[in-house]
>>> print(open('my_file.csv').read())   # CSV, N, CA and C atoms
chain,number,residue,atom,x,y,z
A,7,MET,N,-21.7,2.7,0.5
A,7,MET,CA,-20.7,3.3,-0.4
A,7,MET,C,-21.3,3.4,-1.8
A,8,PRO,N,-21.2,4.6,-2.4
A,8,PRO,CA,-21.8,4.8,-3.8
A,8,PRO,C,-21.1,3.9,-4.8
A,9,GLU,N,-21.8,3.5,-5.8
A,9,GLU,CA,-21.3,2.6,-6.8
A,9,GLU,C,-20.1,3.2,-7.6
A,10,GLN,N,-20.2,4.5,-7.8
A,10,GLN,CA,-19.2,5.2,-8.6
A,10,GLN,C,-17.9,5.4,-7.8
A,11,ALA,N,-17.9,5.2,-6.5
A,11,ALA,CA,-16.7,5.3,-5.7
A,11,ALA,C,-15.6,4.3,-6.1
A,12,ARG,N,-14.4,4.8,-6.2
A,12,ARG,CA,-13.3,4.0,-6.6
A,12,ARG,C,-12.3,3.9,-5.5
A,13,THR,N,-12.6,3.0,-4.6
A,13,THR,CA,-11.7,2.7,-3.4
A,13,THR,C,-10.5,2.0,-3.8
A,14,VAL,N,-9.4,2.4,-3.2
A,14,VAL,CA,-8.1,1.8,-3.5
A,14,VAL,C,-7.4,1.4,-2.2
A,15,LEU,N,-6.9,0.2,-2.1
A,15,LEU,CA,-6.1,-0.2,-0.9
A,15,LEU,C,-4.6,-0.2,-1.3
A,16,ALA,N,-3.7,0.3,-0.4
A,16,ALA,CA,-2.3,0.3,-0.7
A,16,ALA,C,-1.6,-0.4,0.4
A,17,PHE,N,-0.4,-1.0,0.0
A,17,PHE,CA,0.4,-1.8,0.9
A,17,PHE,C,1.9,-1.4,0.9
A,18,ASP,N,2.4,-1.2,2.0
A,18,ASP,CA,3.9,-1.0,2.2
A,18,ASP,C,4.4,-2.4,2.7
A,19,PHE,N,4.9,-3.2,1.7
A,19,PHE,CA,5.3,-4.6,2.1
A,19,PHE,C,6.6,-4.6,2.9
A,20,GLY,N,6.5,-5.5,3.9
A,20,GLY,CA,7.7,-5.8,4.7
A,20,GLY,C,7.7,-7.2,5.1
A,21,LEU,N,8.8,-7.8,5.5
A,21,LEU,CA,8.9,-9.2,5.9
A,21,LEU,C,8.2,-9.5,7.2
A,22,LYS,N,8.2,-8.5,8.1
A,22,LYS,CA,7.5,-8.6,9.4
A,22,LYS,C,6.1,-8.0,9.5
A,23,ARG,N,6.0,-6.8,8.9
A,23,ARG,CA,4.8,-6.0,8.9
A,23,ARG,C,4.5,-5.5,7.5
A,24,ILE,N,3.2,-5.3,7.3
A,24,ILE,CA,2.7,-4.7,6.1
A,24,ILE,C,1.9,-3.5,6.5
A,25,GLY,N,2.3,-2.3,6.0
A,25,GLY,CA,1.5,-1.1,6.2
A,25,GLY,C,0.3,-1.1,5.2
A,26,VAL,N,-0.8,-0.5,5.7
A,26,VAL,CA,-2.0,-0.5,4.9
A,26,VAL,C,-2.6,0.9,4.9
A,27,ALA,N,-3.1,1.3,3.7
A,27,ALA,CA,-3.8,2.6,3.7
A,27,ALA,C,-5.0,2.4,2.7
A,28,VAL,N,-6.0,3.2,2.9
A,28,VAL,CA,-7.2,3.2,2.0
A,28,VAL,C,-7.4,4.6,1.5
A,29,GLY,N,-8.0,4.7,0.3
A,29,GLY,CA,-8.3,6.0,-0.2
A,29,GLY,C,-9.3,6.0,-1.3
A,30,GLU,N,-9.8,7.1,-1.7
A,30,GLU,CA,-10.8,7.3,-2.8
A,30,GLU,C,-10.1,8.0,-3.9
A,31,ALA,N,-10.1,7.4,-5.1
A,31,ALA,CA,-9.4,8.0,-6.2
A,31,ALA,C,-10.0,9.3,-6.6
A,32,GLU,N,-11.4,9.5,-6.5
A,32,GLU,CA,-12.0,10.7,-6.9
A,32,GLU,C,-11.6,11.9,-6.1
A,33,LEU,N,-11.4,11.6,-4.8
A,33,LEU,CA,-10.9,12.6,-3.9
A,33,LEU,C,-9.4,12.8,-3.8
A,34,GLY,N,-8.7,11.8,-4.2
A,34,GLY,CA,-7.2,11.8,-4.1
A,34,GLY,C,-6.7,11.8,-2.7
A,35,THR,N,-7.5,11.3,-1.8
A,35,THR,CA,-7.1,11.3,-0.4
A,35,THR,C,-6.8,9.9,0.1
A,36,ALA,N,-5.9,9.7,1.1
A,36,ALA,CA,-5.6,8.4,1.6
A,36,ALA,C,-5.5,8.5,3.1
A,37,HIS,N,-5.8,7.4,3.8
A,37,HIS,CA,-5.7,7.4,5.2
A,37,HIS,C,-5.1,6.1,5.7
A,38,PRO,N,-4.2,6.1,6.7
A,38,PRO,CA,-3.6,4.9,7.1
A,38,PRO,C,-4.6,4.0,7.9
A,39,LEU,N,-4.5,2.7,7.7
A,39,LEU,CA,-5.2,1.7,8.5
A,39,LEU,C,-4.2,1.0,9.4
A,40,PRO,N,-4.7,0.3,10.4
A,40,PRO,CA,-3.8,-0.5,11.2
A,40,PRO,C,-2.9,-1.5,10.4
A,41,GLY,N,-1.6,-1.5,10.6
A,41,GLY,CA,-0.8,-2.5,9.9
A,41,GLY,C,-1.1,-3.9,10.2
A,42,ILE,N,-0.6,-4.8,9.5
A,42,ILE,CA,-0.8,-6.2,9.7
A,42,ILE,C,0.5,-7.0,9.7
A,43,ALA,N,0.5,-8.2,10.3
A,43,ALA,CA,1.7,-9.0,10.3
A,43,ALA,C,1.8,-9.7,9.0
A,44,ALA,N,3.0,-9.8,8.5
A,44,ALA,CA,3.3,-10.4,7.2
A,44,ALA,C,3.2,-11.9,7.4
A,45,PRO,N,2.7,-12.7,6.4
A,45,PRO,CA,2.3,-12.3,5.1
A,45,PRO,C,0.9,-11.7,5.0
A,46,GLY,N,0.1,-11.9,6.0
A,46,GLY,CA,-1.2,-11.2,6.2
A,46,GLY,C,-2.3,-11.4,5.2
A,47,PHE,N,-2.3,-12.5,4.5
A,47,PHE,CA,-3.4,-12.7,3.5
A,47,PHE,C,-4.8,-12.8,4.1
A,48,ALA,N,-4.9,-13.4,5.3
A,48,ALA,CA,-6.2,-13.5,5.9
A,48,ALA,C,-6.7,-12.1,6.3
A,49,ALA,N,-5.8,-11.3,6.8
A,49,ALA,CA,-6.2,-9.9,7.2
A,49,ALA,C,-6.5,-9.1,5.9
A,50,ILE,N,-5.7,-9.3,4.9
A,50,ILE,CA,-6.0,-8.6,3.6
A,50,ILE,C,-7.3,-9.0,3.1
A,51,ASP,N,-7.7,-10.3,3.2
A,51,ASP,CA,-9.0,-10.8,2.7
A,51,ASP,C,-10.1,-10.0,3.4
A,52,LYS,N,-10.0,-9.9,4.7
A,52,LYS,CA,-11.0,-9.1,5.5
A,52,LYS,C,-11.1,-7.6,5.0
A,53,LEU,N,-9.9,-7.0,4.7
A,53,LEU,CA,-9.9,-5.7,4.2
A,53,LEU,C,-10.5,-5.5,2.9
A,54,VAL,N,-10.3,-6.5,2.0
A,54,VAL,CA,-10.9,-6.5,0.7
A,54,VAL,C,-12.4,-6.6,0.8
A,55,LYS,N,-12.8,-7.5,1.6
A,55,LYS,CA,-14.3,-7.7,1.8
A,55,LYS,C,-14.9,-6.4,2.4
A,56,GLU,N,-14.2,-5.8,3.3
A,56,GLU,CA,-14.8,-4.6,4.0
A,56,GLU,C,-14.8,-3.4,3.1
A,57,TRP,N,-13.7,-3.1,2.4
A,57,TRP,CA,-13.5,-1.9,1.6
A,57,TRP,C,-13.9,-2.0,0.2
A,58,ARG,N,-14.0,-3.2,-0.3
A,58,ARG,CA,-14.3,-3.5,-1.7
A,58,ARG,C,-13.5,-2.6,-2.7
A,59,PRO,N,-12.2,-2.7,-2.7
A,59,PRO,CA,-11.4,-1.8,-3.6
A,59,PRO,C,-11.6,-2.2,-5.0
A,60,ARG,N,-11.4,-1.3,-5.9
A,60,ARG,CA,-11.3,-1.6,-7.4
A,60,ARG,C,-9.9,-1.8,-7.8
A,61,THR,N,-8.9,-1.3,-7.0
A,61,THR,CA,-7.5,-1.4,-7.4
A,61,THR,C,-6.7,-1.6,-6.1
A,62,LEU,N,-5.6,-2.4,-6.2
A,62,LEU,CA,-4.6,-2.5,-5.1
A,62,LEU,C,-3.3,-1.8,-5.6
A,63,VAL,N,-2.6,-1.3,-4.6
A,63,VAL,CA,-1.3,-0.6,-4.9
A,63,VAL,C,-0.3,-1.2,-4.0
A,64,VAL,N,0.9,-1.5,-4.5
A,64,VAL,CA,2.0,-2.0,-3.7
A,64,VAL,C,3.2,-1.1,-4.0
A,65,GLY,N,3.8,-0.7,-2.9
A,65,GLY,CA,5.0,0.1,-3.0
A,65,GLY,C,6.2,-0.8,-3.4
A,66,LEU,N,6.9,-0.4,-4.4
A,66,LEU,CA,8.0,-1.1,-5.0
A,66,LEU,C,9.3,-0.4,-4.6
A,67,PRO,N,10.1,-1.1,-3.8
A,67,PRO,CA,11.4,-0.5,-3.3
A,67,PRO,C,12.3,-0.4,-4.5
A,68,VAL,N,12.8,0.8,-4.7
A,68,VAL,CA,13.7,1.1,-5.8
A,68,VAL,C,15.0,1.6,-5.2
A,69,ALA,N,16.1,1.0,-5.6
A,69,ALA,CA,17.4,1.5,-5.1
A,69,ALA,C,18.0,2.6,-6.0
A,70,GLU,N,18.8,3.4,-5.5
A,70,GLU,CA,19.5,4.4,-6.2
A,70,GLU,C,20.3,3.8,-7.4
A,71,ARG,N,21.0,2.7,-7.1
A,71,ARG,CA,21.8,2.0,-8.0
A,71,ARG,C,21.5,0.5,-8.0
A,72,GLY,N,21.1,0.0,-9.1
A,72,GLY,CA,20.8,-1.4,-9.1
A,72,GLY,C,19.5,-1.7,-8.5
A,73,GLU,N,19.2,-3.0,-8.3
A,73,GLU,CA,17.9,-3.5,-7.8
A,73,GLU,C,18.0,-3.5,-6.3
A,74,HIS,N,16.9,-3.0,-5.6
A,74,HIS,CA,16.8,-3.1,-4.2
A,74,HIS,C,16.6,-4.6,-3.8
A,75,PRO,N,17.2,-5.0,-2.7
A,75,PRO,CA,17.0,-6.4,-2.3
A,75,PRO,C,15.5,-6.9,-2.0
A,76,MET,N,14.7,-5.9,-1.7
A,76,MET,CA,13.3,-6.3,-1.4
A,76,MET,C,12.4,-6.2,-2.6
A,77,ALA,N,12.9,-5.7,-3.7
A,77,ALA,CA,12.1,-5.5,-4.9
A,77,ALA,C,11.4,-6.8,-5.4
A,78,LYS,N,12.2,-7.8,-5.5
A,78,LYS,CA,11.6,-9.1,-6.0
A,78,LYS,C,10.5,-9.6,-5.0
A,79,ARG,N,10.7,-9.5,-3.7
A,79,ARG,CA,9.7,-9.9,-2.8
A,79,ARG,C,8.5,-9.1,-2.8
A,80,ALA,N,8.6,-7.8,-3.0
A,80,ALA,CA,7.4,-6.9,-3.2
A,80,ALA,C,6.7,-7.2,-4.5
A,81,GLN,N,7.4,-7.5,-5.5
A,81,GLN,CA,6.7,-7.9,-6.8
A,81,GLN,C,6.0,-9.2,-6.6
A,82,ARG,N,6.6,-10.2,-5.9
A,82,ARG,CA,6.0,-11.5,-5.7
A,82,ARG,C,4.7,-11.3,-4.9
A,83,PHE,N,4.8,-10.4,-3.8
A,83,PHE,CA,3.6,-10.1,-3.0
A,83,PHE,C,2.5,-9.5,-3.9
A,84,ALA,N,2.9,-8.6,-4.8
A,84,ALA,CA,1.9,-8.0,-5.7
A,84,ALA,C,1.2,-9.0,-6.6
A,85,ARG,N,2.0,-10.0,-7.1
A,85,ARG,CA,1.5,-11.0,-8.0
A,85,ARG,C,0.5,-11.9,-7.2
A,86,GLN,N,0.9,-12.2,-5.9
A,86,GLN,CA,0.0,-13.0,-5.1
A,86,GLN,C,-1.3,-12.3,-4.8
A,87,LEU,N,-1.3,-11.0,-4.6
A,87,LEU,CA,-2.5,-10.2,-4.4
A,87,LEU,C,-3.4,-10.3,-5.6
A,88,GLU,N,-2.8,-10.1,-6.8
A,88,GLU,CA,-3.5,-10.1,-8.0
A,88,GLU,C,-4.2,-11.5,-8.2
A,89,GLY,N,-3.4,-12.5,-8.0
A,89,GLY,CA,-4.0,-13.9,-8.1
A,89,GLY,C,-5.1,-14.2,-7.1
A,90,ARG,N,-4.9,-13.8,-5.9
A,90,ARG,CA,-5.9,-14.2,-4.9
A,90,ARG,C,-7.2,-13.4,-5.0
A,91,PHE,N,-7.0,-12.1,-5.3
A,91,PHE,CA,-8.2,-11.2,-5.2
A,91,PHE,C,-8.7,-10.8,-6.6
A,92,ARG,N,-8.1,-11.2,-7.7
A,92,ARG,CA,-8.5,-10.9,-9.0
A,92,ARG,C,-8.8,-9.4,-9.2
A,93,LEU,N,-7.9,-8.6,-8.7
A,93,LEU,CA,-8.0,-7.2,-8.8
A,93,LEU,C,-6.7,-6.6,-9.5
A,94,PRO,N,-6.8,-5.5,-10.2
A,94,PRO,CA,-5.6,-5.0,-10.8
A,94,PRO,C,-4.7,-4.5,-9.6
A,95,VAL,N,-3.4,-4.7,-9.8
A,95,VAL,CA,-2.4,-4.2,-8.8
A,95,VAL,C,-1.4,-3.3,-9.5
A,96,ALA,N,-1.3,-2.1,-9.0
A,96,ALA,CA,-0.4,-1.1,-9.5
A,96,ALA,C,0.9,-1.1,-8.6
A,97,HIS,N,2.0,-0.8,-9.2
A,97,HIS,CA,3.2,-0.6,-8.5
A,97,HIS,C,3.6,0.9,-8.4
A,98,VAL,N,4.1,1.3,-7.2
A,98,VAL,CA,4.5,2.7,-7.1
A,98,VAL,C,5.9,2.7,-6.4
A,99,ASP,N,6.7,3.6,-7.0
A,99,ASP,CA,8.1,3.7,-6.4
A,99,ASP,C,7.9,4.2,-4.9
A,100,GLU,N,8.3,3.4,-4.0
A,100,GLU,CA,8.2,3.8,-2.6
A,100,GLU,C,9.4,4.4,-2.0
A,101,ARG,N,10.3,4.8,-2.8
A,101,ARG,CA,11.6,5.4,-2.3
A,101,ARG,C,11.3,6.5,-1.3
A,102,TYR,N,11.9,6.4,-0.2
A,102,TYR,CA,11.9,7.4,0.9
A,102,TYR,C,10.6,7.5,1.6
A,103,THR,N,9.6,6.7,1.3
A,103,THR,CA,8.3,6.9,2.0
A,103,THR,C,8.4,6.6,3.5
A,104,SER,N,9.2,5.6,3.9
A,104,SER,CA,9.4,5.2,5.3
A,104,SER,C,10.1,6.3,6.0
A,105,VAL,N,11.1,6.9,5.4
A,105,VAL,CA,11.8,8.1,6.0
A,105,VAL,C,10.9,9.2,6.2
A,106,GLU,N,10.1,9.5,5.2
A,106,GLU,CA,9.1,10.6,5.3
A,106,GLU,C,8.1,10.4,6.3
A,107,ALA,N,7.6,9.1,6.4
A,107,ALA,CA,6.6,8.7,7.4
A,107,ALA,C,7.2,8.9,8.8
A,108,GLU,N,8.4,8.5,9.0
A,108,GLU,CA,9.0,8.7,10.3
A,108,GLU,C,9.1,10.1,10.7
A,109,SER,N,9.5,11.0,9.7
A,109,SER,CA,9.6,12.4,9.9
A,109,SER,C,8.2,13.0,10.3
A,110,LEU,N,7.2,12.6,9.6
A,110,LEU,CA,5.8,13.1,9.9
A,110,LEU,C,5.3,12.7,11.2
A,111,LEU,N,5.8,11.5,11.7
A,111,LEU,CA,5.3,11.0,13.0
A,111,LEU,C,6.2,11.4,14.2
A,112,ARG,N,7.3,12.0,13.9
A,112,ARG,CA,8.2,12.4,15.0
A,112,ARG,C,7.5,13.3,16.0
A,113,GLY,N,7.6,12.9,17.2
A,113,GLY,CA,7.0,13.7,18.3
A,113,GLY,C,5.5,13.3,18.6
A,114,THR,N,5.0,12.3,17.8
A,114,THR,CA,3.6,11.9,18.1
A,114,THR,C,3.7,10.5,18.8
A,115,LYS,N,2.6,10.1,19.3
A,115,LYS,CA,2.5,8.7,19.9
A,115,LYS,C,2.2,7.7,18.8
A,116,ASN,N,1.8,8.1,17.6
A,116,ASN,CA,1.5,7.2,16.5
A,116,ASN,C,2.7,6.5,16.1
A,117,LYS,N,2.7,5.2,16.1
A,117,LYS,CA,3.9,4.4,15.7
A,117,LYS,C,3.6,3.5,14.5
A,118,GLN,N,2.6,3.9,13.7
A,118,GLN,CA,2.2,3.2,12.5
A,118,GLN,C,3.0,3.7,11.3
A,119,VAL,N,4.3,3.6,11.4
A,119,VAL,CA,5.2,4.1,10.3
A,119,VAL,C,4.8,3.4,9.0
A,120,ASP,N,4.7,2.1,9.1
A,120,ASP,CA,4.4,1.3,7.8
A,120,ASP,C,3.1,1.8,7.2
A,121,SER,N,2.1,2.0,8.0
A,121,SER,CA,0.8,2.4,7.4
A,121,SER,C,0.8,3.8,6.9
A,122,VAL,N,1.6,4.7,7.5
A,122,VAL,CA,1.7,6.1,7.0
A,122,VAL,C,2.5,6.0,5.7
A,123,ALA,N,3.5,5.1,5.7
A,123,ALA,CA,4.3,5.0,4.4
A,123,ALA,C,3.3,4.5,3.3
A,124,ALA,N,2.4,3.6,3.6
A,124,ALA,CA,1.4,3.1,2.7
A,124,ALA,C,0.5,4.2,2.2
A,125,GLN,N,0.2,5.1,3.2
A,125,GLN,CA,-0.6,6.3,2.8
A,125,GLN,C,0.1,7.2,1.8
A,126,LEU,N,1.4,7.4,2.0
A,126,LEU,CA,2.2,8.2,1.1
A,126,LEU,C,2.3,7.5,-0.3
A,127,ILE,N,2.4,6.2,-0.3
A,127,ILE,CA,2.5,5.4,-1.5
A,127,ILE,C,1.2,5.7,-2.3
A,128,LEU,N,0.0,5.6,-1.6
A,128,LEU,CA,-1.3,5.7,-2.2
A,128,LEU,C,-1.4,7.2,-2.7
A,129,GLU,N,-1.0,8.1,-2.0
A,129,GLU,CA,-1.1,9.5,-2.4
A,129,GLU,C,-0.2,9.7,-3.7
A,130,GLN,N,1.0,9.1,-3.8
A,130,GLN,CA,1.8,9.2,-5.0
A,130,GLN,C,1.0,8.5,-6.1
A,131,TYR,N,0.4,7.4,-5.9
A,131,TYR,CA,-0.4,6.8,-7.0
A,131,TYR,C,-1.5,7.7,-7.5
A,132,PHE,N,-2.2,8.3,-6.6
A,132,PHE,CA,-3.3,9.3,-7.0
A,132,PHE,C,-2.7,10.4,-7.8
A,133,HIS,N,-1.6,11.0,-7.4
A,133,HIS,CA,-1.0,12.1,-8.1
A,133,HIS,C,-0.5,11.6,-9.5
A,134,GLY,N,0.0,10.4,-9.6
A,134,GLY,CA,0.4,9.9,-10.9
A,134,GLY,C,-0.8,9.7,-11.8
A,135,GLN,N,-2.0,9.3,-11.2
A,135,GLN,CA,-3.2,9.1,-12.0
A,135,GLN,C,-3.7,10.5,-12.6
A,136,ALA,N,-3.5,11.5,-11.8
A,136,ALA,CA,-4.0,12.8,-12.2
A,136,ALA,C,-3.1,13.5,-13.4
A,137,ALA,N,-1.9,13.0,-13.5
A,137,ALA,CA,-1.0,13.6,-14.4
A,137,ALA,C,-1.3,13.2,-15.8
>>> encode(input="my_file.csv", output="structure tokens")
Amino acid sequence: MPEQARTVLAFDFGLKRIGVAVGEAELGTAHPLPGIAAPGFAAIDKLVKEWRPRTLVVGLPVAERGEHPMAKRAQRFARQLEGRFRLPVAHVDERYTSVEAESLLRGTKNKQVDSVAAQLILEQYFHGQAA
């Protein structure tokens, strides 16, 4: 992988499963990876060693009114990632990504909804960086 490549890993945090996606900032593209069982730090360690990301992105659940019940847990997960891997961690509003992922996968055999949601989170991150 070229030195200038800026690989980013993204996570759609859940209590049972964590969706994972990888992408290149320069290209602005993201691809889902197989999801992992929560909390998944051993699996994430393998992903970090394999992909050598420069940044991690965590989807932050945002409620229409007030705080989403999972927001504090997702923020804690993000802090744990930052502490374990010593990489910058960005937060992205993940509102409706799971619904959109389910819609995109409707009619397919692919059941990696969490990882497709992570892909959408990462694409949002890339679009925000370009702005």
>>> closest_residue(input="my_file.csv", among="A:Gln125, A:Gln81, A:Gln130, A:Gln135", to="A:Val28", atoms="all atoms listed in the file")
A:Gln125
>>> residues_around(input="my_file.csv", residues="A:Thr61", least_positions_apart="2", cutoff="7 Å", atoms="all atoms listed in the file", output="ChimeraX atom specification")
/A:12-16,58-59,63,93-96
>>> closest_residue(input="my_file.csv", among="A:Asp120, A:Leu87, A:Ala80, A:Leu53", to="A:Arg23", atoms="only N, CA and C atoms")
A:Asp120
>>> atom_distance(input="my_file.csv", atom1="atom CA of A:Leu21", atom2="atom CA of A:Pro67")
12.9 Å
>>> atom_distance(input="my_file.csv", atom1="atom N of A:Phe19", atom2="atom CA of A:Phe47")
12.7 Å
>>> residues_around(input="my_file.csv", residues="A:Lys22", least_positions_apart="4", cutoff="6 Å", atoms="only N, CA and C atoms", output="ChimeraX atom specification")
/A:42-44
>>> select_by_dssp(input="my_file.csv", residues="chain A", states="strand (DSSP E)", output="PyMOL selection string")
chain A and resi 13-18+23-30+35-43+61-66+95-99
>>> residues_near_point(input="my_file.csv", point="(-4.7, 5.6, 6.4)", cutoff="6 Å", atoms="only N, CA and C atoms", output="VMD selection string")
chain A and resid 26 to 28 36 to 39 121 125
>>> write_last_selection(input="my_file.csv", atoms="N, CA and C atoms", output="short mmCIF file (atom, residue, chain, number, x, y, z; two decimals), in the frame of the given file")
data_model
loop_
_atom_site.label_atom_id
_atom_site.label_comp_id
_atom_site.auth_asym_id
_atom_site.auth_seq_id
_atom_site.Cartn_x
_atom_site.Cartn_y
_atom_site.Cartn_z
N VAL A 26 -0.80 -0.50 5.70
CA VAL A 26 -2.00 -0.50 4.90
C VAL A 26 -2.60 0.90 4.90
N ALA A 27 -3.10 1.30 3.70
CA ALA A 27 -3.80 2.60 3.70
C ALA A 27 -5.00 2.40 2.70
N VAL A 28 -6.00 3.20 2.90
CA VAL A 28 -7.20 3.20 2.00
C VAL A 28 -7.40 4.60 1.50
N ALA A 36 -5.90 9.70 1.10
CA ALA A 36 -5.60 8.40 1.60
C ALA A 36 -5.50 8.50 3.10
N HIS A 37 -5.80 7.40 3.80
CA HIS A 37 -5.70 7.40 5.20
C HIS A 37 -5.10 6.10 5.70
N PRO A 38 -4.20 6.10 6.70
CA PRO A 38 -3.60 4.90 7.10
C PRO A 38 -4.60 4.00 7.90
N LEU A 39 -4.50 2.70 7.70
CA LEU A 39 -5.20 1.70 8.50
C LEU A 39 -4.20 1.00 9.40
N SER A 121 2.10 2.00 8.00
CA SER A 121 0.80 2.40 7.40
C SER A 121 0.80 3.80 6.90
N GLN A 125 0.20 5.10 3.20
CA GLN A 125 -0.60 6.30 2.80
C GLN A 125 0.10 7.20 1.80
#
>>> residues_around(input="my_file.csv", residues="A:Asp99", least_positions_apart="5", cutoff="7 Å", atoms="only C-alpha atoms", output="list in words")
Gly65, Leu66, Pro67 and Val68 of chain A
>>> closest_residue(input="my_file.csv", among="A:Arg60, A:Arg112, A:Ser104, A:Ile50", to="A:Ala11", atoms="only C-alpha atoms")
A:Arg60
>>> build_atoms(input="my_file.csv", residues="stretch 56-70 of chain A", atoms="N, CA, C and O atoms", output="CSV table (one decimal), in the coordinates of the input")
chain,number,residue,atom,x,y,z
A,56,GLU,N,-14.2,-5.8,3.3
A,56,GLU,CA,-14.8,-4.6,4.0
A,56,GLU,C,-14.8,-3.4,3.1
A,56,GLU,O,-15.8,-2.7,3.0
A,57,TRP,N,-13.7,-3.1,2.4
A,57,TRP,CA,-13.5,-1.9,1.6
A,57,TRP,C,-13.9,-2.0,0.2
A,57,TRP,O,-14.1,-1.0,-0.5
A,58,ARG,N,-14.0,-3.2,-0.3
A,58,ARG,CA,-14.3,-3.5,-1.7
A,58,ARG,C,-13.5,-2.6,-2.7
A,58,ARG,O,-14.2,-1.9,-3.5
A,59,PRO,N,-12.2,-2.7,-2.7
A,59,PRO,CA,-11.4,-1.8,-3.6
A,59,PRO,C,-11.6,-2.2,-5.0
A,59,PRO,O,-11.8,-3.4,-5.3
A,60,ARG,N,-11.4,-1.3,-5.9
A,60,ARG,CA,-11.3,-1.6,-7.4
A,60,ARG,C,-9.9,-1.8,-7.8
A,60,ARG,O,-9.7,-2.4,-8.8
A,61,THR,N,-8.9,-1.3,-7.0
A,61,THR,CA,-7.5,-1.4,-7.4
A,61,THR,C,-6.7,-1.6,-6.1
A,61,THR,O,-7.1,-1.1,-5.0
A,62,LEU,N,-5.6,-2.4,-6.2
A,62,LEU,CA,-4.6,-2.5,-5.1
A,62,LEU,C,-3.3,-1.8,-5.6
A,62,LEU,O,-3.0,-1.9,-6.7
A,63,VAL,N,-2.6,-1.3,-4.6
A,63,VAL,CA,-1.3,-0.6,-4.9
A,63,VAL,C,-0.3,-1.2,-4.0
A,63,VAL,O,-0.5,-1.3,-2.8
A,64,VAL,N,0.9,-1.5,-4.5
A,64,VAL,CA,2.0,-2.0,-3.7
A,64,VAL,C,3.2,-1.1,-4.0
A,64,VAL,O,3.6,-0.9,-5.1
A,65,GLY,N,3.8,-0.7,-2.9
A,65,GLY,CA,5.0,0.1,-3.0
A,65,GLY,C,6.2,-0.8,-3.4
A,65,GLY,O,6.4,-1.9,-2.9
A,66,LEU,N,6.9,-0.4,-4.4
A,66,LEU,CA,8.0,-1.1,-5.0
A,66,LEU,C,9.3,-0.4,-4.6
A,66,LEU,O,9.6,0.7,-5.0
A,67,PRO,N,10.1,-1.1,-3.8
A,67,PRO,CA,11.4,-0.5,-3.3
A,67,PRO,C,12.3,-0.4,-4.5
A,67,PRO,O,12.6,-1.4,-5.2
A,68,VAL,N,12.8,0.8,-4.7
A,68,VAL,CA,13.7,1.1,-5.8
A,68,VAL,C,15.0,1.6,-5.2
A,68,VAL,O,15.0,2.5,-4.4
A,69,ALA,N,16.1,1.0,-5.6
A,69,ALA,CA,17.4,1.5,-5.1
A,69,ALA,C,18.0,2.6,-6.0
A,69,ALA,O,17.6,2.7,-7.2
A,70,GLU,N,18.8,3.4,-5.5
A,70,GLU,CA,19.5,4.4,-6.2
A,70,GLU,C,20.3,3.8,-7.4
A,70,GLU,O,20.4,4.3,-8.5
